[in-house]
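model.cif (mmCIF, C-alpha atoms)
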data_protein
#
loop_
_atom_site.group_PDB
_atom_site.id
_atom_site.type_symbol
_atom_site.label_atom_id
_atom_site.label_comp_id
_atom_site.auth_asym_id
_atom_site.auth_seq_id
_atom_site.Cartn_x
_atom_site.Cartn_y
_atom_site.Cartn_z
ATOM 1 C CA MET A 1 33.932 -41.063 -7.734
ATOM 2 C CA LEU A 2 30.715 -39.795 -6.176
ATOM 3 C CA ILE A 3 29.311 -38.914 -9.621
ATOM 4 C CA ALA A 4 30.043 -42.445 -10.866
ATOM 5 C CA LEU A 5 28.299 -43.987 -7.871
ATOM 6 C CA ARG A 6 25.227 -41.817 -8.342
ATOM 7 C CA LEU A 7 25.087 -42.531 -12.070
ATOM 8 C CA SER A 8 25.513 -46.284 -11.618
ATOM 9 C CA ALA A 9 22.400 -46.339 -9.433
ATOM 10 C CA GLN A 10 20.246 -44.715 -12.117
ATOM 11 C CA THR A 11 18.136 -46.459 -14.733
ATOM 12 C CA ASP A 12 19.008 -46.336 -18.406
ATOM 13 C CA GLU A 13 16.106 -43.978 -18.957
ATOM 14 C CA GLN A 14 17.314 -41.579 -16.248
ATOM 15 C CA LEU A 15 20.804 -41.644 -17.717
ATOM 16 C CA MET A 16 19.505 -40.967 -21.221
ATOM 17 C CA LYS A 17 17.501 -37.980 -19.963
ATOM 18 C CA ARG A 18 20.685 -36.628 -18.394
ATOM 19 C CA ALA A 19 22.659 -37.331 -21.572
ATOM 20 C CA ALA A 20 19.996 -35.519 -23.603
ATOM 21 C CA ARG A 21 20.618 -32.471 -21.411
ATOM 22 C CA GLY A 22 24.354 -32.656 -22.168
ATOM 23 C CA ASN A 23 25.690 -34.833 -19.344
ATOM 24 C CA ASP A 24 28.463 -36.820 -21.017
ATOM 25 C CA HIS A 25 29.161 -38.779 -17.811
ATOM 26 C CA ALA A 26 25.633 -40.185 -18.002
ATOM 27 C CA PHE A 27 26.190 -41.242 -21.600
ATOM 28 C CA GLU A 28 29.504 -42.828 -20.630
ATOM 29 C CA GLU A 29 27.677 -44.863 -17.994
ATOM 30 C CA LEU A 30 25.230 -46.075 -20.673
ATOM 31 C CA TYR A 31 28.191 -47.030 -22.834
ATOM 32 C CA ASN A 32 29.819 -48.934 -19.975
ATOM 33 C CA ARG A 33 26.586 -50.822 -19.300
ATOM 34 C CA HIS A 34 25.827 -51.873 -22.855
ATOM 35 C CA ALA A 35 28.959 -51.787 -25.048
ATOM 36 C CA ARG A 36 30.215 -55.257 -24.229
ATOM 37 C CA ARG A 37 26.842 -56.888 -24.803
ATOM 38 C CA LEU A 38 26.294 -54.946 -28.022
ATOM 39 C CA GLN A 39 29.743 -55.889 -29.291
ATOM 40 C CA GLY A 40 28.948 -59.542 -28.561
ATOM 41 C CA PHE A 41 25.746 -59.216 -30.565
ATOM 42 C CA PHE A 42 27.651 -57.707 -33.489
ATOM 43 C CA THR A 43 30.389 -60.350 -33.260
ATOM 44 C CA ARG A 44 27.815 -63.134 -33.529
ATOM 45 C CA ARG A 45 25.967 -61.464 -36.381
ATOM 46 C CA LEU A 46 29.206 -60.678 -38.253
ATOM 47 C CA SER A 47 30.594 -64.234 -38.313
ATOM 48 C CA GLY A 48 32.985 -63.687 -35.438
ATOM 49 C CA ASP A 49 34.763 -60.657 -36.905
ATOM 50 C CA ALA A 50 35.727 -58.914 -33.649
ATOM 51 C CA ASP A 51 37.319 -55.899 -35.347
ATOM 52 C CA LEU A 52 34.255 -55.223 -37.474
ATOM 53 C CA ALA A 53 32.040 -55.774 -34.422
ATOM 54 C CA ALA A 54 34.055 -53.160 -32.508
ATOM 55 C CA ASP A 55 33.596 -50.713 -35.389
ATOM 56 C CA PHE A 56 29.853 -51.389 -35.473
ATOM 57 C CA THR A 57 29.608 -50.960 -31.692
ATOM 58 C CA HIS A 58 31.401 -47.636 -31.918
ATOM 59 C CA ASP A 59 29.142 -46.526 -34.784
ATOM 60 C CA ALA A 60 25.988 -47.550 -32.901
ATOM 61 C CA PHE A 61 26.979 -45.501 -29.865
ATOM 62 C CA LEU A 62 27.939 -42.538 -32.040
ATOM 63 C CA ARG A 63 24.472 -42.656 -33.575
ATOM 64 C CA LEU A 64 22.832 -42.957 -30.167
ATOM 65 C CA TYR A 65 24.902 -40.002 -28.943
ATOM 66 C CA ALA A 66 23.958 -37.928 -31.983
ATOM 67 C CA ALA A 67 20.275 -38.704 -31.388
ATOM 68 C CA ARG A 68 20.338 -38.266 -27.593
ATOM 69 C CA GLU A 69 18.448 -34.964 -27.658
ATOM 70 C CA ARG A 70 15.528 -36.705 -29.393
ATOM 71 C CA TYR A 71 15.072 -39.106 -26.486
ATOM 72 C CA ARG A 72 11.471 -39.302 -25.314
ATOM 73 C CA GLU A 73 10.743 -40.151 -21.707
ATOM 74 C CA GLY A 74 9.557 -43.709 -21.279
ATOM 75 C CA LYS A 75 11.346 -45.020 -24.365
ATOM 76 C CA ASP A 76 13.353 -48.174 -23.676
ATOM 77 C CA VAL A 77 16.984 -47.128 -24.186
ATOM 78 C CA ARG A 78 18.280 -50.673 -24.634
ATOM 79 C CA ALA A 79 15.661 -51.389 -27.300
ATOM 80 C CA TRP A 80 16.537 -48.086 -28.993
ATOM 81 C CA LEU A 81 20.232 -49.021 -29.022
ATOM 82 C CA PHE A 82 19.479 -52.442 -30.510
ATOM 83 C CA THR A 83 17.229 -50.800 -33.090
ATOM 84 C CA ILE A 84 20.240 -48.775 -34.197
ATOM 85 C CA ALA A 85 22.330 -51.962 -34.207
ATOM 86 C CA TYR A 86 19.719 -53.832 -36.232
ATOM 87 C CA ASN A 87 19.595 -51.050 -38.817
ATOM 88 C CA LEU A 88 23.391 -50.993 -39.086
ATOM 89 C CA LEU A 89 23.365 -54.732 -39.761
ATOM 90 C CA LYS A 90 20.556 -54.403 -42.302
ATOM 91 C CA ASN A 91 22.550 -51.811 -44.216
ATOM 92 C CA HIS A 92 25.709 -53.893 -43.969
ATOM 93 C CA ASN A 93 23.950 -57.022 -45.218
ATOM 94 C CA LYS A 94 22.765 -55.179 -48.341
ATOM 95 C CA LYS A 95 26.411 -54.949 -49.427
ATOM 96 C CA PRO A 96 27.929 -57.827 -51.408
ATOM 97 C CA ASP A 97 29.554 -60.522 -49.284
ATOM 98 C CA THR A 98 33.346 -60.369 -49.336
ATOM 99 C CA GLY A 99 33.903 -63.906 -48.081
ATOM 100 C CA ASP A 100 32.892 -66.354 -45.423
ATOM 101 C CA THR A 101 34.901 -66.102 -42.241
ATOM 102 C CA GLN A 102 34.190 -68.755 -39.643
ATOM 103 C CA PRO A 103 35.442 -68.526 -36.084
ATOM 104 C CA SER A 104 38.045 -71.152 -35.270
ATOM 105 C CA PRO A 105 36.850 -74.104 -33.181
ATOM 106 C CA SER A 106 37.512 -73.908 -29.456
ATOM 107 C CA LEU A 107 40.448 -75.773 -27.980
ATOM 108 C CA VAL A 108 39.876 -78.836 -25.847
ATOM 109 C CA ASP A 109 40.224 -78.172 -22.123
ATOM 110 C CA GLU A 110 42.949 -80.539 -20.946
ATOM 111 C CA ASN A 111 41.448 -80.783 -17.457
ATOM 112 C CA CYS A 112 38.155 -82.297 -18.695
ATOM 113 C CA ASN A 113 37.282 -85.757 -19.855
ATOM 114 C CA LEU A 114 38.388 -85.761 -23.489
ATOM 115 C CA GLU A 115 35.342 -87.618 -24.799
ATOM 116 C CA VAL A 116 32.848 -85.355 -23.027
ATOM 117 C CA GLU A 117 34.755 -82.303 -24.174
ATOM 118 C CA LEU A 118 34.811 -83.490 -27.766
ATOM 119 C CA ASP A 119 31.068 -84.206 -27.683
ATOM 120 C CA SER A 120 30.492 -80.775 -26.215
ATOM 121 C CA ALA A 121 32.719 -79.140 -28.828
ATOM 122 C CA LEU A 122 30.966 -81.013 -31.628
ATOM 123 C CA PHE A 123 27.614 -79.871 -30.302
ATOM 124 C CA ARG A 124 28.773 -76.250 -30.005
ATOM 125 C CA ASP A 125 30.100 -76.406 -33.567
ATOM 126 C CA ALA A 126 26.838 -77.949 -34.771
ATOM 127 C CA LEU A 127 24.842 -75.285 -32.918
ATOM 128 C CA ARG A 128 27.034 -72.518 -34.372
ATOM 129 C CA ASP A 129 26.579 -74.012 -37.846
ATOM 130 C CA ALA A 130 22.806 -74.302 -37.306
ATOM 131 C CA LEU A 131 22.650 -70.648 -36.256
ATOM 132 C CA HIS A 132 24.798 -69.586 -39.220
ATOM 133 C CA SER A 133 22.557 -71.549 -41.573
ATOM 134 C CA LEU A 134 19.470 -69.611 -40.517
ATOM 135 C CA PRO A 135 18.301 -67.037 -43.064
ATOM 136 C CA GLU A 136 19.543 -63.629 -41.928
ATOM 137 C CA PRO A 137 16.197 -62.209 -40.738
ATOM 138 C CA LEU A 138 15.582 -65.293 -38.567
ATOM 139 C CA ALA A 139 19.148 -65.294 -37.248
ATOM 140 C CA THR A 140 18.870 -61.676 -36.144
ATOM 141 C CA LEU A 141 15.516 -62.263 -34.438
ATOM 142 C CA PHE A 142 16.961 -65.319 -32.687
ATOM 143 C CA SER A 143 19.988 -63.343 -31.521
ATOM 144 C CA LEU A 144 17.961 -60.382 -30.245
ATOM 145 C CA HIS A 145 15.537 -62.567 -28.306
ATOM 146 C CA TYR A 146 17.562 -65.548 -27.080
ATOM 147 C CA GLU A 147 21.079 -64.167 -26.865
ATOM 148 C CA GLU A 148 20.418 -60.529 -25.996
ATOM 149 C CA GLU A 149 17.382 -61.469 -23.886
ATOM 150 C CA LEU A 150 15.126 -58.793 -25.330
ATOM 151 C CA THR A 151 11.405 -59.410 -24.967
ATOM 152 C CA VAL A 152 9.198 -60.178 -27.967
ATOM 153 C CA PRO A 153 7.619 -56.675 -27.780
ATOM 154 C CA GLN A 154 11.095 -55.098 -27.732
ATOM 155 C CA VAL A 155 12.242 -57.204 -30.682
ATOM 156 C CA ALA A 156 9.039 -56.321 -32.557
ATOM 157 C CA GLN A 157 9.734 -52.635 -31.927
ATOM 158 C CA ILE A 158 13.336 -52.958 -33.104
ATOM 159 C CA VAL A 159 12.577 -54.787 -36.353
ATOM 160 C CA GLN A 160 9.272 -52.966 -36.906
ATOM 161 C CA LEU A 161 7.130 -56.085 -37.195
ATOM 162 C CA PRO A 162 3.969 -57.130 -35.361
ATOM 163 C CA GLU A 163 4.582 -59.203 -32.219
ATOM 164 C CA GLY A 164 2.733 -62.148 -33.731
ATOM 165 C CA THR A 165 5.057 -62.152 -36.721
ATOM 166 C CA VAL A 166 8.101 -62.055 -34.440
ATOM 167 C CA LYS A 167 6.743 -64.983 -32.405
ATOM 168 C CA SER A 168 6.027 -66.953 -35.562
ATOM 169 C CA ARG A 169 9.499 -66.319 -36.974
ATOM 170 C CA LEU A 170 11.155 -67.207 -33.678
ATOM 171 C CA HIS A 171 9.221 -70.472 -33.691
ATOM 172 C CA LYS A 172 10.358 -71.118 -37.253
ATOM 173 C CA ALA A 173 13.980 -70.402 -36.283
ATOM 174 C CA MET A 174 13.762 -72.820 -33.352
ATOM 175 C CA THR A 175 12.220 -75.492 -35.578
ATOM 176 C CA LEU A 176 15.058 -75.116 -38.096
ATOM 177 C CA ILE A 177 17.668 -75.282 -35.334
ATOM 178 C CA LYS A 178 16.052 -78.363 -33.765
ATOM 179 C CA THR A 179 16.006 -80.072 -37.168
ATOM 180 C CA LYS A 180 19.723 -79.388 -37.652
ATOM 181 C CA LEU A 181 20.521 -80.658 -34.130
ATOM 182 C CA LYS A 182 18.271 -83.733 -34.206
ATOM 183 C CA GLN A 183 21.285 -86.093 -33.927
ATOM 184 C CA TYR A 184 22.039 -84.616 -30.458
ATOM 185 C CA GLU A 185 18.499 -85.114 -29.151
ATOM 186 C CA ASN A 186 19.256 -88.050 -26.852
ATOM 187 C CA HIS A 187 22.644 -86.859 -25.551
#
Using structure tokens, write down the structure from this file.
Amino acid sequence: MLIALRLSAQTDEQLMKRAARGNDHAFEELYNRHARRLQGFFTRRLSGDADLAADFTHDAFLRLYAARERYREGKDVRAWLFTIAYNLLKNHNKKPDTGDTQPSPSLVDENCNLEVELDSALFRDALRDALHSLPEPLATLFSLHYEEELTVPQVAQIVQLPEGTVKSRLHKAMTLIKTKLKQYENH
């Protein structure tokens, strides 16, 4: 219990240094901090396929674990993990598509005003469709920055593009999304 408390107070970078020296408890703490968020990222990027997202999450952490001894002090661990995730998705997207799986629409909450809930559900569906309609490189940039809350410099590092290019592509993604959601502008 005392080890867990001490590890939970450490930064990702401190934990990764410990993991690089063979401390599996430190790596487990990194996993506990980031696995859920990473799996959410994969789920969104993989059209809601939770099982595939779990596999990708597992694979990303296995790769991080295998590379732990190459950790350099000062390197952003979260950005490194999402770089691995981005590369896994890039490799996956090179494979032929086996079919389009869309997540099922959410159920209406019976305790809410039906009309407001339906409008909200329609908007969420339209937003999901707008995000799914983005070209893959833009969708991934959008997800890393707006959903995973990584900074532009971190995203640029992950996708190996200049910051200006990332900013430009994020702007383009937002413009495309706004165009698709124009009908909801005054609601």
Around (23.5, -49.9, -31.8) in the file's frame, which residues reach within 7 Å when counting all atoms listed in the file? Return as a PyMOL selection string?
-> chain A and resi 38+57+60-61+81-85
Which residues, named as in the file, does the PyMOL selection byres ((chain A and resi 157) around 12) pick out? Answer as a CSV table (one decimal) with C-alpha atoms, keeping the file's coordinate frame.
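Dumped to result-v8.csv:
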chain,number,residue,atom,x,y,z
A,75,LYS,CA,11.3,-45.0,-24.4
A,76,ASP,CA,13.4,-48.2,-23.7
A,77,VAL,CA,17.0,-47.1,-24.2
A,78,ARG,CA,18.3,-50.7,-24.6
A,79,ALA,CA,15.7,-51.4,-27.3
A,80,TRP,CA,16.5,-48.1,-29.0
A,81,LEU,CA,20.2,-49.0,-29.0
A,82,PHE,CA,19.5,-52.4,-30.5
A,83,THR,CA,17.2,-50.8,-33.1
A,84,ILE,CA,20.2,-48.8,-34.2
A,86,TYR,CA,19.7,-53.8,-36.2
A,141,LEU,CA,15.5,-62.3,-34.4
A,144,LEU,CA,18.0,-60.4,-30.2
A,150,LEU,CA,15.1,-58.8,-25.3
A,151,THR,CA,11.4,-59.4,-25.0
A,152,VAL,CA,9.2,-60.2,-28.0
A,153,PRO,CA,7.6,-56.7,-27.8
A,154,GLN,CA,11.1,-55.1,-27.7
A,155,VAL,CA,12.2,-57.2,-30.7
A,156,ALA,CA,9.0,-56.3,-32.6
A,158,ILE,CA,13.3,-53.0,-33.1
A,159,VAL,CA,12.6,-54.8,-36.4
A,160,GLN,CA,9.3,-53.0,-36.9
A,161,LEU,CA,7.1,-56.1,-37.2
A,162,PRO,CA,4.0,-57.1,-35.4
A,163,GLU,CA,4.6,-59.2,-32.2
A,164,GLY,CA,2.7,-62.1,-33.7
A,165,THR,CA,5.1,-62.2,-36.7
A,166,VAL,CA,8.1,-62.1,-34.4
Residue with smallest distance to A:Ala53 - pool A:Leu138, A:Leu88, A:Leu131, A:Ala20, counting only C-alpha atoms |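 Smallest distance to A:Ala53 is found for A:Leu88.
Nearest-residue note for A:Tyr65: choosing from A:Asp49, A:Glu136, A:Asp24, A:Glu29, the minimum distance belongs to A:Asp24, counting all atoms listed in the file.
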Quick one: pull the distance between atom CA of A:Gln183 and atom CA of A:His171, Å, one decimal.
->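 Straight-line distance from atom CA of A:Gln183 to atom CA of A:His171 works out to 19.7 Å.
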For atom CA of A:Ala19 and atom CA of A:Ala35, quote the distance in Å rounded to one decimal.
->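 Value for the atom CA of A:Ala19-atom CA of A:Ala35 distance: 16.1 Å.
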Skip stretch 6-17 of chain A itself and residues of its chain fewer than 2 positions away, then list as a PyMOL selection string all residues within 9 Å of it, counting only C-alpha atoms.
-> chain A and resi 1-4+19-23+25-27+29-30+33+68-69+71-78
Have a look at A:Thr179, A:Leu89, A:Ala173, A:Ala66 and name the one nearest to A:Thr43; count all atoms listed in the file.
->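 The answer is A:Leu89, which sits nearest to A:Thr43.
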Hey, which of A:Arg63, A:His34, A:Arg70, A:Arg44 ends up closest to A:Phe142? Count only C-alpha atoms.
->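 Going through A:Arg63, A:His34, A:Arg70, A:Arg44 one by one, the smallest distance to A:Phe142 is for A:Arg44.
The closest residue to A:Asn93, picked from A:Arg37, A:Ser47, A:Tyr31, A:Glu148 and counting all atoms listed in the file, is A:Ser47.
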